[in-house]
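Asker: Sharing a structure, written as C-alpha cells. Questions coming.
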Amino acid sequence: MTKNLTTIGFDADDTLWQNERFFQLTQDRFAELLADHAEKDHLADRLLAAERRNIGHYGFGIKGFVLSMIETALEVTDNRVPGEVIAQLIAAGQEMLSHPIELLPHAQEAVEAAAATHRVLLITKGDLLDQERKLAQSGLGDLFHGVEIVSDKTRPVYEAIFARHGAGADRGLMVGNSMKSDVVPMIDAGGWGIYVPGSLNWALEHAEAPVDSARYREIRDLSGLAPILQAIG
C-alpha cells in the first residue's frame, strides 16, 4: 500500500529546542544598556527595522542579530555609543552562541515516533556553525535521515528538499513554529503544514494562517503530531 506521506520535516529553533527566549533576554539587556538614549519600545522598533533591512546581508541567526543591535546602538546615539556597550553586545552574542540546548516538551518522542515510520529531515535556517552545534548537542542527530540548513525557507526550497529526500513535496509534511517559514511555503509547495505555536514569536515570522487549506493543521505541542501522521497515512 502506498503511503500518502513519505517524508516529515522538522524545524529546529523553537520547535525542537528553545531559541527565541534567548533573543528576548538579550534584547532586554540591550534596552538596559541604551536606556539613556531611547525608550524600550522605540528601541525595539528600531532594532526590528534594522533586522528587516539586514536579513538580505547577514541572513538569519545570532550573528546578524548582534550586528543589527550594534547598528541600532550607533543610530540612536548618533554614533556616540561607548565602546564598552559595543563590547557587552558582542559578549552577549557570544554567550548566546554557546548556550546549552534545551529540548522542548515531547520533541524527542515526536522525532523518534516519526522516524520509525517515515523519513525524517531537519530543515532549519540560520548560521551554519551554530545550527550544527545545536543539533550535535540536542542528541537528536542520529534520528534524522537528512539535515538541511538553508538561507531561507521558500516554496522552491521545500520543493527541492522533498524531491531530493522523498517523493516530492505533495507527499511531505513540515512541522514548525513559524507560520511564515514552516507552514505557508510548504503548503504552497503542495505539502502538509503543521503549526506548533511557540511561547514567543519573532515579529518577522508572522503570517496569516492558511485556514482554508485542507493540508493545514495546528497542534498545541509535539505530542499531537503522531495522531496526525496516522490519520494522513
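Just so we're on the same page: first chain in the C-alpha cells is A, next is B, and so on; residues restart at 1 for each chain, and ligands are numbered from 1 in the order they show up.
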Stretch 64-198 of chain A: which residues are strand (DSSP E) by DSSP, as a short mmCIF file (atom, residue, chain, number, x, y, z; two decimals) with N, CA and C atoms, in the first residue's frame?
Answerer:
```cif
data_model
loop_
_atom_site.label_atom_id
_atom_site.label_comp_id
_atom_site.auth_asym_id
_atom_site.auth_seq_id
_atom_site.Cartn_x
_atom_site.Cartn_y
_atom_site.Cartn_z
N ARG A 119 10.68 8.81 6.56
CA ARG A 119 11.94 9.51 6.52
C ARG A 119 11.76 10.84 7.23
N VAL A 120 12.71 11.20 8.08
CA VAL A 120 12.59 12.47 8.80
C VAL A 120 13.79 13.35 8.48
N LEU A 121 13.51 14.63 8.32
CA LEU A 121 14.53 15.62 7.98
C LEU A 121 14.51 16.74 9.00
N LEU A 122 15.67 17.31 9.26
CA LEU A 122 15.75 18.57 9.98
C LEU A 122 15.96 19.66 8.94
N ILE A 123 15.05 20.61 8.92
CA ILE A 123 15.13 21.70 7.94
C ILE A 123 15.11 23.01 8.72
N THR A 124 16.24 23.69 8.74
CA THR A 124 16.37 24.89 9.55
C THR A 124 17.14 25.95 8.80
N LYS A 125 16.93 27.19 9.19
CA LYS A 125 17.69 28.28 8.61
C LYS A 125 18.51 28.94 9.72
N GLY A 146 18.22 13.13 7.01
CA GLY A 146 18.88 14.22 6.30
C GLY A 146 18.77 15.51 7.08
N VAL A 147 19.75 16.39 6.90
CA VAL A 147 19.76 17.69 7.56
C VAL A 147 19.97 18.76 6.50
N GLU A 148 19.09 19.74 6.48
CA GLU A 148 19.19 20.84 5.51
C GLU A 148 19.22 22.16 6.28
N ILE A 149 20.35 22.86 6.21
CA ILE A 149 20.49 24.19 6.80
C ILE A 149 20.49 25.18 5.66
N VAL A 150 19.43 25.97 5.56
CA VAL A 150 19.20 26.79 4.37
C VAL A 150 19.21 28.28 4.74
N GLY A 172 4.97 15.14 1.40
CA GLY A 172 5.78 15.56 2.53
C GLY A 172 4.98 16.40 3.51
N LEU A 173 5.52 16.53 4.70
CA LEU A 173 4.87 17.30 5.76
C LEU A 173 5.95 18.06 6.52
N MET A 174 5.67 19.31 6.86
CA MET A 174 6.60 20.15 7.59
C MET A 174 5.99 20.57 8.91
N VAL A 175 6.76 20.44 9.99
CA VAL A 175 6.32 20.78 11.33
C VAL A 175 7.16 21.95 11.84
N GLY A 176 6.50 23.02 12.31
CA GLY A 176 7.30 24.12 12.83
C GLY A 176 6.47 25.18 13.52
N TRP A 192 1.83 19.17 3.39
CA TRP A 192 1.12 19.45 4.62
C TRP A 192 1.96 20.38 5.48
N GLY A 193 1.31 21.30 6.18
CA GLY A 193 1.99 22.19 7.11
C GLY A 193 1.36 22.11 8.48
N ILE A 194 2.18 21.76 9.49
CA ILE A 194 1.68 21.60 10.86
C ILE A 194 2.27 22.70 11.71
N TYR A 195 1.41 23.54 12.27
CA TYR A 195 1.83 24.68 13.07
C TYR A 195 1.83 24.32 14.55
#
```
Asker: Would you return as an MDAnalysis selection string the members of stretch 17-163 of chain A that DSSP assigns to helix (DSSP H, G or I) on this structure's backbone?
Answerer: chainID A and resid 20:33 40:58 62:76 83:97 107:115 128:138 141:143 155:163
Asker: I'd like to know which of A:Pro156, A:Gly190, A:Gly168, A:Gly139 is closest to A:Ala107, using only C-alpha atoms.
Answerer: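 So, comparing all the options, the nearest one is A:Gly139.
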Asker: Do a neighbour search on stretch 59-63 of chain A at 12 Å with only C-alpha atoms, toss out local chain neighbours closer than 4 positions, and write the hits as number ranges by chain.
Answerer: A: 13, 19-20, 22-24, 26-27, 51-55, 67-70, 89-99, 124-131, 149-153, 181, 202, 204-205
Asker: Please save N, CA and C atoms of the selected residues as a compact mmCIF listing (two decimals), in the first residue's frame.
Answerer:
```txt
# COMPACT_ATOMS: atom_id res chain seq x y z
N ASP A 13 14.75 25.53 15.65
CA ASP A 13 14.62 26.56 16.68
C ASP A 13 13.18 26.81 17.07
N ASN A 19 14.90 28.79 21.68
CA ASN A 19 15.75 29.71 20.93
C ASN A 19 15.32 31.16 21.14
N GLU A 20 14.08 31.49 20.83
CA GLU A 20 13.65 32.89 20.85
C GLU A 20 13.76 33.49 22.25
N PHE A 22 16.14 33.27 24.31
CA PHE A 22 17.47 33.84 24.50
C PHE A 22 17.64 35.16 23.73
N PHE A 23 16.99 35.26 22.59
CA PHE A 23 16.98 36.53 21.86
C PHE A 23 16.27 37.60 22.68
N GLN A 24 15.14 37.23 23.31
CA GLN A 24 14.39 38.20 24.09
C GLN A 24 15.17 38.67 25.31
N THR A 26 18.42 38.79 25.59
CA THR A 26 19.49 39.67 25.12
C THR A 26 18.95 41.02 24.71
N GLN A 27 17.76 41.04 24.11
CA GLN A 27 17.16 42.30 23.72
C GLN A 27 16.79 43.14 24.95
N GLU A 51 16.90 44.67 11.67
CA GLU A 51 16.92 43.25 11.35
C GLU A 51 16.26 42.99 9.99
N ARG A 52 15.14 43.67 9.75
CA ARG A 52 14.45 43.50 8.47
C ARG A 52 15.36 43.93 7.30
N ARG A 53 16.04 45.06 7.47
CA ARG A 53 16.96 45.54 6.43
C ARG A 53 18.13 44.59 6.21
N ASN A 54 18.58 43.97 7.28
CA ASN A 54 19.85 43.25 7.23
C ASN A 54 19.74 41.77 6.91
N ILE A 55 18.54 41.23 6.90
CA ILE A 55 18.40 39.80 6.62
C ILE A 55 19.06 39.44 5.29
N LEU A 67 24.91 42.18 14.99
CA LEU A 67 25.26 43.30 14.11
C LEU A 67 24.13 44.31 14.02
N SER A 68 22.90 43.84 14.02
CA SER A 68 21.76 44.76 13.98
C SER A 68 21.65 45.55 15.28
N MET A 69 21.96 44.93 16.41
CA MET A 69 21.97 45.66 17.68
C MET A 69 23.04 46.75 17.66
N ILE A 70 24.22 46.42 17.16
CA ILE A 70 25.30 47.42 17.11
C ILE A 70 24.90 48.57 16.18
N LEU A 89 27.59 44.02 23.98
CA LEU A 89 26.70 43.41 22.97
C LEU A 89 27.38 42.22 22.29
N ILE A 90 28.66 42.36 21.99
CA ILE A 90 29.40 41.26 21.39
C ILE A 90 29.47 40.08 22.37
N ALA A 91 29.73 40.38 23.65
CA ALA A 91 29.80 39.32 24.66
C ALA A 91 28.45 38.61 24.80
N ALA A 92 27.36 39.38 24.70
CA ALA A 92 26.02 38.77 24.79
C ALA A 92 25.80 37.81 23.63
N GLY A 93 26.24 38.20 22.44
CA GLY A 93 26.11 37.32 21.28
C GLY A 93 26.94 36.06 21.45
N GLN A 94 28.14 36.20 21.97
CA GLN A 94 28.98 35.02 22.19
C GLN A 94 28.36 34.07 23.22
N GLU A 95 27.72 34.66 24.23
CA GLU A 95 27.04 33.83 25.22
C GLU A 95 25.88 33.06 24.58
N MET A 96 25.14 33.73 23.71
CA MET A 96 24.04 33.06 23.01
C MET A 96 24.56 31.90 22.17
N LEU A 97 25.71 32.10 21.54
CA LEU A 97 26.28 31.08 20.66
C LEU A 97 26.82 29.86 21.41
N SER A 98 26.94 29.99 22.72
CA SER A 98 27.47 28.86 23.50
C SER A 98 26.45 28.33 24.50
N HIS A 99 25.22 28.82 24.41
CA HIS A 99 24.21 28.42 25.40
C HIS A 99 23.81 26.95 25.20
N THR A 124 16.24 23.69 8.74
CA THR A 124 16.37 24.89 9.55
C THR A 124 17.14 25.95 8.80
N LYS A 125 16.93 27.19 9.19
CA LYS A 125 17.69 28.28 8.61
C LYS A 125 18.51 28.94 9.72
N GLY A 126 19.51 29.69 9.32
CA GLY A 126 20.35 30.34 10.30
C GLY A 126 21.81 30.09 10.02
N ASP A 127 22.64 30.42 10.99
CA ASP A 127 24.08 30.28 10.85
C ASP A 127 24.48 28.81 10.85
N LEU A 128 25.29 28.41 9.89
CA LEU A 128 25.66 27.00 9.72
C LEU A 128 26.32 26.43 10.97
N LEU A 129 27.35 27.10 11.49
CA LEU A 129 28.09 26.57 12.63
C LEU A 129 27.20 26.48 13.87
N ASP A 130 26.38 27.49 14.10
CA ASP A 130 25.51 27.49 15.27
C ASP A 130 24.48 26.38 15.19
N GLN A 131 23.87 26.20 14.03
CA GLN A 131 22.86 25.15 13.90
C GLN A 131 23.49 23.75 14.01
N ILE A 149 20.35 22.86 6.21
CA ILE A 149 20.49 24.19 6.80
C ILE A 149 20.49 25.18 5.66
N VAL A 150 19.43 25.97 5.56
CA VAL A 150 19.20 26.79 4.37
C VAL A 150 19.21 28.28 4.74
N SER A 151 19.39 29.12 3.74
CA SER A 151 19.41 30.56 3.97
C SER A 151 18.01 31.11 4.19
N ASP A 152 17.00 30.46 3.62
CA ASP A 152 15.62 30.87 3.83
C ASP A 152 14.73 29.68 3.48
N LYS A 153 13.48 29.75 3.92
CA LYS A 153 12.53 28.68 3.65
C LYS A 153 11.44 29.23 2.73
N SER A 181 7.53 30.68 7.70
CA SER A 181 8.65 29.89 7.17
C SER A 181 8.37 28.40 7.08
N TRP A 202 8.99 35.72 16.89
CA TRP A 202 9.65 36.86 16.29
C TRP A 202 8.70 37.54 15.32
N LEU A 204 9.06 39.13 12.63
CA LEU A 204 9.32 38.94 11.20
C LEU A 204 8.90 37.57 10.70
N GLU A 205 8.45 36.70 11.60
CA GLU A 205 7.98 35.38 11.19
C GLU A 205 6.45 35.31 11.14
```
Asker: Atom CA of A:Leu25 to atom CA of A:Ala49: how many Å, to one decimal?
Answerer: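 Computing it gives 18.7 Å between the two atoms.
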